[in-house]
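This report refers to the structure that appears directly beneath it.
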Amino acid sequence: MTTPPLSDRLTTHQPLVLGLFRMVLGLLFASEGAATVFGVLGRKAGPVGDWPFWYAGVIELACGVLVLLGVATRSAAFLSSGVMAFAYFTEHQPDGLFPLQNGGLSPALFCWGFLLLVFSGPGALSLAALMGREGEPRPAGREATEPSR
């Protein structure tokens with residue numbers, strides 16, 4: 001008996017690892033938003049309505065929760081990636097070319113991580129995977145594409 005190549009074994013776990021990546025990224029992003037909006041986790045809350053920081057915090061919190069749960073993942077990830085690109089280029093890029101120089105490592109990593117989710121989808125362990133595409137639960141015991149007789 002031969003053992004399948006390592007790449008084949010890793011590929012079989014890809015949806016699960018992608019789902020875990022999505023959940024961790026969403027949790028970290030939501031915690032950034034909660035810290036900005038509510039002043040938790042050792043950070044002072046930003047003034048309500050303060051442009052762009054307070055609004056970015058609301059987007060971070062809302063989109064982070066959506067990504068964490070795996071609901072509207074691609075849309076939330078697209079918006080999140082754009083917000084982080086905006087944050088990087090307006091707040092960090094003027095201070096230096098590279099993220100290590102300008103303190104923009106977190107926005108850069110969030111931006112690219114969310115862009116990955118835009119193209120890869122939520123992976124496993126998402127509410128979208130538990131529900132049908134229209135939000136209807138999948139029928140138990142038969143494929144969703146199989147016509148009923």
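Residues are named by chain letter and number: chains run A, B, ... in the order of the structure tokens, numbers start at 1 in each chain, and ligands are numbered from 1 in the order shown.
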Exercise for review: Write out as a list in words the residues lying within 9 Å of segment 85-94 of chain A, counting only C-alpha atoms and excluding same-chain residues fewer than 3 positions away.
Suggested key: Pro52, Ala56, Ser80, Ser81, Gly82, Leu97, Phe98, Pro99, Gln101, Asn102, Gly103, Gly104, Leu105, Ser106, Pro107, Ala108, Phe110, Cys111 and Trp112 of chain A
Give me a file of those residues, with C-alpha atoms, as a short mmCIF file (atom, residue, chain, number, x, y, z; two decimals), in the first residue's frame.
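What ended up in result_19.cif:
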data_model
loop_
_atom_site.label_atom_id
_atom_site.label_comp_id
_atom_site.auth_asym_id
_atom_site.auth_seq_id
_atom_site.Cartn_x
_atom_site.Cartn_y
_atom_site.Cartn_z
CA PRO A 52 -12.70 58.00 9.39
CA ALA A 56 -13.86 52.21 10.21
CA SER A 80 -12.90 44.88 4.82
CA SER A 81 -10.06 44.58 2.33
CA GLY A 82 -10.93 47.97 0.88
CA LEU A 97 7.37 52.80 1.94
CA PHE A 98 7.30 49.49 3.80
CA PRO A 99 4.84 48.34 6.49
CA GLN A 101 8.75 51.37 8.52
CA ASN A 102 5.33 52.99 8.74
CA GLY A 103 3.50 50.85 11.32
CA GLY A 104 1.07 49.52 8.73
CA LEU A 105 1.75 45.81 9.07
CA SER A 106 -1.69 44.99 10.51
CA PRO A 107 -3.68 46.84 7.82
CA ALA A 108 -1.52 45.29 5.08
CA PHE A 110 -5.73 42.28 6.99
CA CYS A 111 -6.11 43.69 3.48
CA TRP A 112 -4.45 40.72 1.80
#
Check your understanding: Using the chain letters and numbers from this document, which residues of segment 22-148 of chain A does DSSP assign to alpha helix (DSSP H), as a ChimeraX atom specification?
Key -> /A:22-38,53-69,73-87,99-102,105-120,127-130
Point to revise | Residue neighbourhood Ala72 of chain A, 10 Å, only C-alpha atoms, exclusion window fewer than 4 positions, as a PyMOL selection string | key: chain A and resi 63+66-67+76-77+121-122+127-128
Could you turn the residues from that selection into a file that holds C-alpha atoms, as an mmCIF file, in the first residue's frame?
data_model
loop_
_atom_site.group_PDB
_atom_site.id
_atom_site.type_symbol
_atom_site.label_atom_id
_atom_site.label_comp_id
_atom_site.auth_asym_id
_atom_site.auth_seq_id
_atom_site.Cartn_x
_atom_site.Cartn_y
_atom_site.Cartn_z
ATOM 1 C CA CYS A 63 -17.679 42.769 8.879
ATOM 2 C CA LEU A 66 -19.929 38.368 9.432
ATOM 3 C CA VAL A 67 -16.607 36.846 8.389
ATOM 4 C CA ALA A 76 -17.816 41.457 3.981
ATOM 5 C CA ALA A 77 -14.253 40.470 3.067
ATOM 6 C CA GLY A 121 -14.926 31.877 -0.111
ATOM 7 C CA PRO A 122 -15.679 30.922 3.474
ATOM 8 C CA LEU A 127 -23.153 29.247 8.534
ATOM 9 C CA ALA A 128 -23.356 29.529 4.753
#
Review point. Counting only C-alpha atoms, what is within 10 Å of segment 7-17 of chain A, bar same-chain residues fewer than 6 positions away, as a ChimeraX atom specification?
Key: /A:23,120-126
Point to revise | Which residue of A:Leu25, A:Gly33, A:Gly113, A:Ser75 approaches Tyr55 of chain A most closely, using only C-alpha atoms | key: A:Gly33
**Study point:** Pick from A:Leu28, A:Val65, A:Val48, A:Val40 nearest to Leu109 of chain A, counting only C-alpha atoms
**Key:**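 Counting only C-alpha atoms, the residue closest to Leu109 of chain A is A:Leu28.
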Practice item. Kindly indicate which residue among A:Gly46, A:Phe53, A:Val24, A:Leu130 lies nearest to Phe114 of chain A, using only C-alpha atoms for the distances. Key: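 With only C-alpha atoms as the atom set, the closest residue is A:Val24.
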Exercise for review: Could you give me, as a ChimeraX atom specification, the residues within 10 Å of Phe78 of chain A, counting only C-alpha atoms and dropping anything in the same chain fewer than 5 positions from it?
Suggested key: /A:63,73,83,111,114-119
Could you please take those selected residues and save all heavy atoms as an mmCIF file, in the first residue's frame?
data_model
loop_
_atom_site.group_PDB
_atom_site.id
_atom_site.type_symbol
_atom_site.label_atom_id
_atom_site.label_comp_id
_atom_site.auth_asym_id
_atom_site.auth_seq_id
_atom_site.Cartn_x
_atom_site.Cartn_y
_atom_site.Cartn_z
ATOM 1 N N CYS A 63 -18.224 43.700 9.871
ATOM 2 C CA CYS A 63 -17.679 42.769 8.879
ATOM 3 C C CYS A 63 -16.887 41.649 9.546
ATOM 4 O O CYS A 63 -16.900 40.512 9.066
ATOM 5 C CB CYS A 63 -16.809 43.514 7.872
ATOM 6 S SG CYS A 63 -17.756 44.553 6.750
ATOM 7 N N THR A 73 -19.679 36.194 3.436
ATOM 8 C CA THR A 73 -18.234 36.268 3.641
ATOM 9 C C THR A 73 -17.531 37.052 2.545
ATOM 10 O O THR A 73 -16.698 37.912 2.834
ATOM 11 C CB THR A 73 -17.630 34.853 3.725
ATOM 12 O OG1 THR A 73 -18.271 34.158 4.779
ATOM 13 C CG2 THR A 73 -16.144 34.908 3.975
ATOM 14 N N VAL A 83 -11.335 48.732 3.145
ATOM 15 C CA VAL A 83 -11.138 49.606 4.305
ATOM 16 C C VAL A 83 -9.683 49.554 4.764
ATOM 17 O O VAL A 83 -9.081 50.583 5.095
ATOM 18 C CB VAL A 83 -12.103 49.222 5.451
ATOM 19 C CG1 VAL A 83 -11.700 49.859 6.759
ATOM 20 C CG2 VAL A 83 -13.525 49.592 5.087
ATOM 21 N N CYS A 111 -5.693 43.430 4.857
ATOM 22 C CA CYS A 111 -6.111 43.694 3.478
ATOM 23 C C CYS A 111 -5.914 42.460 2.596
ATOM 24 O O CYS A 111 -6.831 42.029 1.902
ATOM 25 C CB CYS A 111 -5.331 44.884 2.915
ATOM 26 S SG CYS A 111 -5.743 45.285 1.207
ATOM 27 N N PHE A 114 -8.134 39.354 3.745
ATOM 28 C CA PHE A 114 -9.522 39.471 3.314
ATOM 29 C C PHE A 114 -9.652 39.328 1.803
ATOM 30 O O PHE A 114 -10.629 38.764 1.318
ATOM 31 C CB PHE A 114 -10.136 40.786 3.788
ATOM 32 C CG PHE A 114 -10.496 40.771 5.244
ATOM 33 C CD1 PHE A 114 -9.922 41.674 6.123
ATOM 34 C CD2 PHE A 114 -11.403 39.847 5.746
ATOM 35 C CE1 PHE A 114 -10.249 41.660 7.471
ATOM 36 C CE2 PHE A 114 -11.725 39.819 7.086
ATOM 37 C CZ PHE A 114 -11.154 40.731 7.948
ATOM 38 N N LEU A 115 -8.675 39.822 1.050
ATOM 39 C CA LEU A 115 -8.720 39.647 -0.396
ATOM 40 C C LEU A 115 -8.663 38.166 -0.758
ATOM 41 O O LEU A 115 -9.341 37.722 -1.690
ATOM 42 C CB LEU A 115 -7.580 40.420 -1.060
ATOM 43 C CG LEU A 115 -7.670 40.540 -2.573
ATOM 44 C CD1 LEU A 115 -8.926 41.287 -2.996
ATOM 45 C CD2 LEU A 115 -6.429 41.232 -3.116
ATOM 46 N N LEU A 116 -7.900 37.395 -0.012
ATOM 47 C CA LEU A 116 -7.870 35.950 -0.224
ATOM 48 C C LEU A 116 -9.256 35.347 -0.019
ATOM 49 O O LEU A 116 -9.705 34.510 -0.805
ATOM 50 C CB LEU A 116 -6.860 35.295 0.725
ATOM 51 C CG LEU A 116 -6.803 33.773 0.701
ATOM 52 C CD1 LEU A 116 -6.295 33.273 -0.642
ATOM 53 C CD2 LEU A 116 -5.942 33.256 1.830
ATOM 54 N N LEU A 117 -9.960 35.788 1.024
ATOM 55 C CA LEU A 117 -11.303 35.258 1.286
ATOM 56 C C LEU A 117 -12.307 35.672 0.219
ATOM 57 O O LEU A 117 -13.272 34.945 -0.048
ATOM 58 C CB LEU A 117 -11.797 35.704 2.660
ATOM 59 C CG LEU A 117 -11.114 35.068 3.854
ATOM 60 C CD1 LEU A 117 -11.686 35.630 5.154
ATOM 61 C CD2 LEU A 117 -11.251 33.558 3.825
ATOM 62 N N VAL A 118 -12.112 36.828 -0.402
ATOM 63 C CA VAL A 118 -12.997 37.245 -1.493
ATOM 64 C C VAL A 118 -12.969 36.206 -2.603
ATOM 65 O O VAL A 118 -14.001 35.837 -3.162
ATOM 66 C CB VAL A 118 -12.593 38.635 -2.045
ATOM 67 C CG1 VAL A 118 -13.342 38.959 -3.332
ATOM 68 C CG2 VAL A 118 -12.836 39.716 -1.006
ATOM 69 N N PHE A 119 -11.787 35.702 -2.916
ATOM 70 C CA PHE A 119 -11.651 34.763 -4.018
ATOM 71 C C PHE A 119 -11.812 33.306 -3.621
ATOM 72 O O PHE A 119 -12.197 32.485 -4.442
ATOM 73 C CB PHE A 119 -10.296 34.973 -4.715
ATOM 74 C CG PHE A 119 -10.263 36.243 -5.500
ATOM 75 C CD1 PHE A 119 -9.770 37.412 -4.942
ATOM 76 C CD2 PHE A 119 -10.758 36.288 -6.791
ATOM 77 C CE1 PHE A 119 -9.766 38.595 -5.655
ATOM 78 C CE2 PHE A 119 -10.759 37.458 -7.517
ATOM 79 C CZ PHE A 119 -10.260 38.626 -6.951
#
Review point. So which one's closest to Val37 of chain A, A:Gly70, A:Gly49, A:Gly57, A:Gly19? Using only C-alpha atoms, please.
Key: A:Gly57
